[in-house]
$ cat input_30.txt   # compact mmCIF, C-alpha atoms
# COMPACT_ATOMS: atom_id res chain seq x y z
CA MET A 1 38.39 26.87 28.77
CA ALA A 2 38.97 23.48 27.23
CA GLU A 3 36.54 22.02 29.74
CA GLU A 4 33.87 24.60 28.81
CA ASN A 5 33.92 23.50 25.16
CA GLN A 6 33.57 19.83 25.95
CA GLY A 7 30.21 18.53 24.90
CA GLN A 8 29.68 21.25 22.34
CA GLY A 9 29.40 20.06 18.78
CA THR A 10 28.05 16.69 19.75
CA ASN A 11 24.60 15.83 18.57
CA THR A 12 22.35 13.91 20.86
CA PRO A 13 20.29 11.35 18.97
CA GLN A 14 16.60 12.11 18.93
CA GLU A 15 15.67 8.48 18.31
CA LYS A 16 16.96 5.39 19.94
CA PRO A 17 19.47 3.80 17.55
CA ASN A 18 18.20 0.27 18.28
CA ASP A 19 14.55 0.94 17.42
CA PRO A 20 13.52 -1.32 14.54
CA LEU A 21 12.24 0.22 11.32
CA PRO A 22 8.50 -0.05 10.68
CA ARG A 23 7.57 -3.17 8.71
CA SER A 24 4.36 -1.83 7.20
CA TYR A 25 2.55 1.37 6.29
CA ASN A 26 0.13 0.81 9.18
CA GLN A 27 2.98 0.35 11.63
CA LEU A 28 4.59 3.57 10.37
CA LEU A 29 1.33 5.45 11.00
CA GLY A 30 1.03 3.91 14.43
CA THR A 31 -2.17 2.06 13.67
CA ASN A 32 -2.74 -1.55 14.49
CA ASN A 33 -5.02 -2.26 11.53
CA PRO A 34 -3.78 -5.30 9.59
CA THR A 35 -5.45 -4.23 6.34
CA LYS A 36 -4.27 -6.09 3.27
CA THR A 37 -2.57 -4.05 0.60
CA SER A 38 -2.45 -6.64 -2.19
CA TRP A 39 -4.34 -9.70 -3.39
CA PRO A 40 -1.98 -12.01 -5.36
CA GLU A 41 -4.45 -14.88 -4.99
CA LEU A 42 -6.86 -13.08 -7.35
CA VAL A 43 -4.66 -13.29 -10.45
CA GLY A 44 -6.53 -15.43 -12.98
CA VAL A 45 -10.04 -14.90 -11.61
CA THR A 46 -12.66 -12.71 -13.28
CA ALA A 47 -12.83 -9.00 -12.47
CA GLU A 48 -16.28 -9.55 -10.97
CA GLU A 49 -15.01 -12.25 -8.58
CA ALA A 50 -11.97 -10.16 -7.65
CA GLU A 51 -14.10 -7.08 -6.96
CA LYS A 52 -16.43 -9.08 -4.71
CA LYS A 53 -13.53 -10.57 -2.71
CA ILE A 54 -11.74 -7.22 -2.25
CA LYS A 55 -14.95 -5.48 -1.16
CA GLU A 56 -15.50 -8.22 1.45
CA GLU A 57 -12.09 -7.49 2.93
CA MET A 58 -11.92 -3.70 2.55
CA ALA A 59 -14.90 -1.49 3.31
CA GLY A 60 -15.37 1.62 1.19
CA VAL A 61 -12.93 0.56 -1.51
CA GLU A 62 -13.14 2.00 -5.03
CA ILE A 63 -12.47 -0.68 -7.66
CA GLN A 64 -11.26 0.36 -11.12
CA VAL A 65 -11.14 -2.22 -13.90
CA VAL A 66 -8.36 -1.41 -16.37
CA LEU A 67 -8.84 -2.93 -19.81
CA PRO A 68 -5.91 -3.80 -22.12
CA GLY A 69 -4.44 -0.71 -23.79
CA TYR A 70 -6.00 1.77 -21.36
CA SER A 71 -3.88 4.36 -19.53
CA VAL A 72 -4.11 5.24 -15.85
CA THR A 73 -2.97 8.16 -13.71
CA PHE A 74 -0.01 7.82 -11.37
CA ASP A 75 -1.70 9.34 -8.34
CA TYR A 76 -1.99 7.26 -5.18
CA LYS A 77 -5.33 6.77 -3.45
CA ILE A 78 -5.54 4.70 -0.27
CA GLN A 79 -9.13 3.63 -1.02
CA ARG A 80 -8.55 2.53 -4.65
CA VAL A 81 -7.66 -0.85 -6.09
CA ARG A 82 -7.13 -1.27 -9.81
CA LEU A 83 -7.85 -4.56 -11.53
CA TYR A 84 -5.76 -5.00 -14.68
CA VAL A 85 -7.57 -7.49 -16.89
CA ASP A 86 -7.11 -9.20 -20.25
CA GLU A 87 -9.61 -9.41 -23.11
CA SER A 88 -11.60 -12.09 -21.28
CA LYS A 89 -11.80 -9.81 -18.17
CA LYS A 90 -9.55 -12.03 -16.07
CA VAL A 91 -7.11 -10.36 -13.66
CA ILE A 92 -3.56 -10.43 -15.06
CA ARG A 93 -1.66 -8.43 -12.38
CA THR A 94 -1.75 -8.57 -8.61
CA PRO A 95 -4.36 -6.06 -7.42
CA VAL A 96 -2.85 -3.52 -4.99
CA ILE A 97 -4.04 -0.49 -3.07
CA GLY A 98 -3.22 2.77 -4.77
$ encode --input "input_30.txt" --output "structure tokens"
Amino acid sequence: MAEENQGQGTNTPQEKPNDPLPRSYNQLLGTNNPTKTSWPELVGVTAEEAEKKIKEEMAGVEIQVVLPGYSVTFDYKIQRVRLYVDESKKVIRTPVIG
């Protein structure tokens, strides 16, 4: 009977233990699209310039300009980029997808 119980209670791994973790959202989804998710180089430029650059790199994007003191929702949208600007409408935070 001891031989019959051998092997019971052991869990077989469903994934290979040596598989590396995904490095990006696209890799996790299994796509090979190297879409940018942030634009740190746009900090300090005008909202108009930033919007133009992001639209060149990401088709169908929705740009939202967030003025000082304005509130935003915490929902995540893959096609939205918010531009946080100062009083002179220059980008003050790195624009990111979401």
$ atom_distance --input "input_30.txt" --atom1 "CA of Lys36 (chain A)" --atom2 "CA of Glu87 (chain A)"
27.1 Å
$ atom_distance --input "input_30.txt" --atom1 "CA of Leu83 (chain A)" --atom2 "CA of Gln64 (chain A)"
6.0 Å
$ residues_around --input "input_30.txt" --residues "Glu62 (chain A)" --least-positions-apart "6" --cutoff "9 Å" --atoms "only C-alpha atoms" --output "VMD selection string"
chain A and resid 55 79 to 82
$ residues_around --input "input_30.txt" --residues "Ala50 (chain A)" --least-positions-apart "5" --cutoff "8 Å" --atoms "only C-alpha atoms" --output "list in words"
Leu42, Val45, Leu83 and Val91 of chain A
$ write_last_selection --input "input_30.txt" --atoms "C-alpha atoms" --output "PDB file, in the frame of the given file"
ATOM      1  CA  LEU A  42      -6.860 -13.080  -7.350  1.00  0.00           C
ATOM      2  CA  VAL A  45     -10.040 -14.900 -11.610  1.00  0.00           C
ATOM      3  CA  LEU A  83      -7.850  -4.560 -11.530  1.00  0.00           C
ATOM      4  CA  VAL A  91      -7.110 -10.360 -13.660  1.00  0.00           C
TER       5      VAL A  91
END
$ closest_residue --input "input_30.txt" --among "A:Thr37, A:Tyr84, A:Ile97, A:Val43" --to "Leu67 (chain A)" --atoms "only C-alpha atoms"
A:Tyr84
$ atom_distance --input "input_30.txt" --atom1 "CA of Phe74 (chain A)" --atom2 "CA of Asp86 (chain A)"
20.5 Å
$ decode --input "input_30.txt" --residues "region 40-85 of chain A" --atoms "N, CA and C atoms" --output "PDB file, in the first residue's frame"
ATOM      1  N   PRO A  40       9.405  60.608 -21.458  1.00  0.00           N
ATOM      2  CA  PRO A  40      10.112  61.504 -20.538  1.00  0.00           C
ATOM      3  C   PRO A  40      10.806  62.668 -21.254  1.00  0.00           C
ATOM      4  N   GLU A  41      11.106  62.478 -22.519  1.00  0.00           N
ATOM      5  CA  GLU A  41      11.777  63.536 -23.279  1.00  0.00           C
ATOM      6  C   GLU A  41      10.888  64.755 -23.542  1.00  0.00           C
ATOM      7  N   LEU A  42       9.588  64.642 -23.253  1.00  0.00           N
ATOM      8  CA  LEU A  42       8.653  65.731 -23.522  1.00  0.00           C
ATOM      9  C   LEU A  42       8.447  66.669 -22.328  1.00  0.00           C
ATOM     10  N   VAL A  43       9.041  66.360 -21.190  1.00  0.00           N
ATOM     11  CA  VAL A  43       8.929  67.258 -20.039  1.00  0.00           C
ATOM     12  C   VAL A  43       9.635  68.570 -20.386  1.00  0.00           C
ATOM     13  N   GLY A  44       8.918  69.679 -20.226  1.00  0.00           N
ATOM     14  CA  GLY A  44       9.474  70.992 -20.516  1.00  0.00           C
ATOM     15  C   GLY A  44       9.028  71.580 -21.844  1.00  0.00           C
ATOM     16  N   VAL A  45       8.452  70.764 -22.724  1.00  0.00           N
ATOM     17  CA  VAL A  45       7.956  71.290 -24.001  1.00  0.00           C
ATOM     18  C   VAL A  45       6.501  71.715 -23.839  1.00  0.00           C
ATOM     19  N   THR A  46       5.968  72.430 -24.801  1.00  0.00           N
ATOM     20  CA  THR A  46       4.577  72.864 -24.717  1.00  0.00           C
ATOM     21  C   THR A  46       3.644  71.677 -24.929  1.00  0.00           C
ATOM     22  N   ALA A  47       2.425  71.804 -24.428  1.00  0.00           N
ATOM     23  CA  ALA A  47       1.426  70.742 -24.584  1.00  0.00           C
ATOM     24  C   ALA A  47       1.164  70.469 -26.061  1.00  0.00           C
ATOM     25  N   GLU A  48       1.165  71.518 -26.865  1.00  0.00           N
ATOM     26  CA  GLU A  48       0.923  71.369 -28.304  1.00  0.00           C
ATOM     27  C   GLU A  48       2.020  70.530 -28.969  1.00  0.00           C
ATOM     28  N   GLU A  49       3.283  70.814 -28.630  1.00  0.00           N
ATOM     29  CA  GLU A  49       4.407  70.048 -29.173  1.00  0.00           C
ATOM     30  C   GLU A  49       4.349  68.593 -28.701  1.00  0.00           C
ATOM     31  N   ALA A  50       4.054  68.404 -27.428  1.00  0.00           N
ATOM     32  CA  ALA A  50       3.985  67.055 -26.862  1.00  0.00           C
ATOM     33  C   ALA A  50       2.872  66.255 -27.530  1.00  0.00           C
ATOM     34  N   GLU A  51       1.716  66.873 -27.714  1.00  0.00           N
ATOM     35  CA  GLU A  51       0.596  66.184 -28.351  1.00  0.00           C
ATOM     36  C   GLU A  51       0.966  65.761 -29.768  1.00  0.00           C
ATOM     37  N   LYS A  52       1.604  66.630 -30.502  1.00  0.00           N
ATOM     38  CA  LYS A  52       2.007  66.321 -31.882  1.00  0.00           C
ATOM     39  C   LYS A  52       2.962  65.126 -31.909  1.00  0.00           C
ATOM     40  N   LYS A  53       3.957  65.134 -31.032  1.00  0.00           N
ATOM     41  CA  LYS A  53       4.956  64.059 -30.989  1.00  0.00           C
ATOM     42  C   LYS A  53       4.312  62.720 -30.612  1.00  0.00           C
ATOM     43  N   ILE A  54       3.446  62.720 -29.604  1.00  0.00           N
ATOM     44  CA  ILE A  54       2.808  61.474 -29.165  1.00  0.00           C
ATOM     45  C   ILE A  54       1.907  60.922 -30.262  1.00  0.00           C
ATOM     46  N   LYS A  55       1.165  61.792 -30.930  1.00  0.00           N
ATOM     47  CA  LYS A  55       0.279  61.341 -32.013  1.00  0.00           C
ATOM     48  C   LYS A  55       1.056  60.783 -33.202  1.00  0.00           C
ATOM     49  N   GLU A  56       2.275  61.258 -33.425  1.00  0.00           N
ATOM     50  CA  GLU A  56       3.132  60.696 -34.475  1.00  0.00           C
ATOM     51  C   GLU A  56       3.524  59.262 -34.146  1.00  0.00           C
ATOM     52  N   GLU A  57       3.703  58.982 -32.866  1.00  0.00           N
ATOM     53  CA  GLU A  57       4.199  57.678 -32.437  1.00  0.00           C
ATOM     54  C   GLU A  57       3.098  56.688 -32.049  1.00  0.00           C
ATOM     55  N   MET A  58       1.888  57.187 -31.828  1.00  0.00           N
ATOM     56  CA  MET A  58       0.812  56.306 -31.345  1.00  0.00           C
ATOM     57  C   MET A  58      -0.500  56.682 -32.030  1.00  0.00           C
ATOM     58  N   ALA A  59      -0.899  55.867 -32.979  1.00  0.00           N
ATOM     59  CA  ALA A  59      -2.129  56.134 -33.727  1.00  0.00           C
ATOM     60  C   ALA A  59      -3.355  55.955 -32.836  1.00  0.00           C
ATOM     61  N   GLY A  60      -4.333  56.828 -32.999  1.00  0.00           N
ATOM     62  CA  GLY A  60      -5.594  56.703 -32.286  1.00  0.00           C
ATOM     63  C   GLY A  60      -5.549  57.098 -30.821  1.00  0.00           C
ATOM     64  N   VAL A  61      -4.505  57.778 -30.413  1.00  0.00           N
ATOM     65  CA  VAL A  61      -4.362  58.162 -29.011  1.00  0.00           C
ATOM     66  C   VAL A  61      -5.300  59.319 -28.663  1.00  0.00           C
ATOM     67  N   GLU A  62      -5.790  59.313 -27.433  1.00  0.00           N
ATOM     68  CA  GLU A  62      -6.593  60.414 -26.901  1.00  0.00           C
ATOM     69  C   GLU A  62      -5.696  61.192 -25.942  1.00  0.00           C
ATOM     70  N   ILE A  63      -5.461  62.460 -26.242  1.00  0.00           N
ATOM     71  CA  ILE A  63      -4.612  63.300 -25.400  1.00  0.00           C
ATOM     72  C   ILE A  63      -5.504  64.141 -24.504  1.00  0.00           C
ATOM     73  N   GLN A  64      -5.207  64.160 -23.210  1.00  0.00           N
ATOM     74  CA  GLN A  64      -5.908  65.029 -22.264  1.00  0.00           C
ATOM     75  C   GLN A  64      -4.895  65.954 -21.619  1.00  0.00           C
ATOM     76  N   VAL A  65      -5.139  67.252 -21.741  1.00  0.00           N
ATOM     77  CA  VAL A  65      -4.273  68.242 -21.097  1.00  0.00           C
ATOM     78  C   VAL A  65      -4.868  68.548 -19.727  1.00  0.00           C
ATOM     79  N   VAL A  66      -4.060  68.363 -18.685  1.00  0.00           N
ATOM     80  CA  VAL A  66      -4.510  68.582 -17.310  1.00  0.00           C
ATOM     81  C   VAL A  66      -3.849  69.855 -16.780  1.00  0.00           C
ATOM     82  N   LEU A  67      -4.675  70.855 -16.543  1.00  0.00           N
ATOM     83  CA  LEU A  67      -4.197  72.140 -16.046  1.00  0.00           C
ATOM     84  C   LEU A  67      -3.947  72.074 -14.535  1.00  0.00           C
ATOM     85  N   PRO A  68      -3.120  72.986 -14.002  1.00  0.00           N
ATOM     86  CA  PRO A  68      -2.847  72.994 -12.556  1.00  0.00           C
ATOM     87  C   PRO A  68      -4.136  73.111 -11.744  1.00  0.00           C
ATOM     88  N   GLY A  69      -4.256  72.289 -10.713  1.00  0.00           N
ATOM     89  CA  GLY A  69      -5.421  72.337  -9.828  1.00  0.00           C
ATOM     90  C   GLY A  69      -6.596  71.492 -10.283  1.00  0.00           C
ATOM     91  N   TYR A  70      -6.534  70.917 -11.475  1.00  0.00           N
ATOM     92  CA  TYR A  70      -7.627  70.086 -11.966  1.00  0.00           C
ATOM     93  C   TYR A  70      -7.485  68.660 -11.456  1.00  0.00           C
ATOM     94  N   SER A  71      -8.619  67.993 -11.251  1.00  0.00           N
ATOM     95  CA  SER A  71      -8.641  66.597 -10.810  1.00  0.00           C
ATOM     96  C   SER A  71      -8.848  65.684 -12.006  1.00  0.00           C
ATOM     97  N   VAL A  72      -8.397  64.447 -11.864  1.00  0.00           N
ATOM     98  CA  VAL A  72      -8.601  63.442 -12.906  1.00  0.00           C
ATOM     99  C   VAL A  72      -9.133  62.164 -12.279  1.00  0.00           C
ATOM    100  N   THR A  73      -9.730  61.319 -13.098  1.00  0.00           N
ATOM    101  CA  THR A  73     -10.208  60.016 -12.627  1.00  0.00           C
ATOM    102  C   THR A  73      -9.029  59.053 -12.535  1.00  0.00           C
ATOM    103  N   PHE A  74      -9.229  57.963 -11.820  1.00  0.00           N
ATOM    104  CA  PHE A  74      -8.160  56.978 -11.657  1.00  0.00           C
ATOM    105  C   PHE A  74      -8.331  55.763 -12.558  1.00  0.00           C
ATOM    106  N   ASP A  75      -9.245  55.846 -13.519  1.00  0.00           N
ATOM    107  CA  ASP A  75      -9.423  54.731 -14.435  1.00  0.00           C
ATOM    108  C   ASP A  75      -8.244  54.656 -15.401  1.00  0.00           C
ATOM    109  N   TYR A  76      -8.025  53.478 -15.958  1.00  0.00           N
ATOM    110  CA  TYR A  76      -6.906  53.249 -16.868  1.00  0.00           C
ATOM    111  C   TYR A  76      -7.452  53.012 -18.265  1.00  0.00           C
ATOM    112  N   LYS A  77      -6.965  53.787 -19.219  1.00  0.00           N
ATOM    113  CA  LYS A  77      -7.362  53.615 -20.618  1.00  0.00           C
ATOM    114  C   LYS A  77      -6.099  53.489 -21.458  1.00  0.00           C
ATOM    115  N   ILE A  78      -6.012  52.398 -22.208  1.00  0.00           N
ATOM    116  CA  ILE A  78      -4.823  52.086 -22.995  1.00  0.00           C
ATOM    117  C   ILE A  78      -4.584  53.083 -24.116  1.00  0.00           C
ATOM    118  N   GLN A  79      -5.603  53.800 -24.548  1.00  0.00           N
ATOM    119  CA  GLN A  79      -5.467  54.754 -25.648  1.00  0.00           C
ATOM    120  C   GLN A  79      -5.408  56.210 -25.165  1.00  0.00           C
ATOM    121  N   ARG A  80      -5.179  56.440 -23.875  1.00  0.00           N
ATOM    122  CA  ARG A  80      -5.167  57.803 -23.345  1.00  0.00           C
ATOM    123  C   ARG A  80      -3.788  58.159 -22.794  1.00  0.00           C
ATOM    124  N   VAL A  81      -3.382  59.396 -23.072  1.00  0.00           N
ATOM    125  CA  VAL A  81      -2.177  59.956 -22.475  1.00  0.00           C
ATOM    126  C   VAL A  81      -2.560  61.315 -21.915  1.00  0.00           C
ATOM    127  N   ARG A  82      -2.242  61.524 -20.657  1.00  0.00           N
ATOM    128  CA  ARG A  82      -2.518  62.816 -20.024  1.00  0.00           C
ATOM    129  C   ARG A  82      -1.246  63.647 -19.989  1.00  0.00           C
ATOM    130  N   LEU A  83      -1.418  64.931 -20.321  1.00  0.00           N
ATOM    131  CA  LEU A  83      -0.313  65.879 -20.267  1.00  0.00           C
ATOM    132  C   LEU A  83      -0.561  66.825 -19.107  1.00  0.00           C
ATOM    133  N   TYR A  84       0.216  66.684 -18.046  1.00  0.00           N
ATOM    134  CA  TYR A  84       0.115  67.582 -16.897  1.00  0.00           C
ATOM    135  C   TYR A  84       0.980  68.801 -17.196  1.00  0.00           C
ATOM    136  N   VAL A  85       0.361  69.974 -17.179  1.00  0.00           N
ATOM    137  CA  VAL A  85       1.062  71.192 -17.572  1.00  0.00           C
ATOM    138  C   VAL A  85       1.026  72.235 -16.459  1.00  0.00           C
TER     139      VAL A  85
END
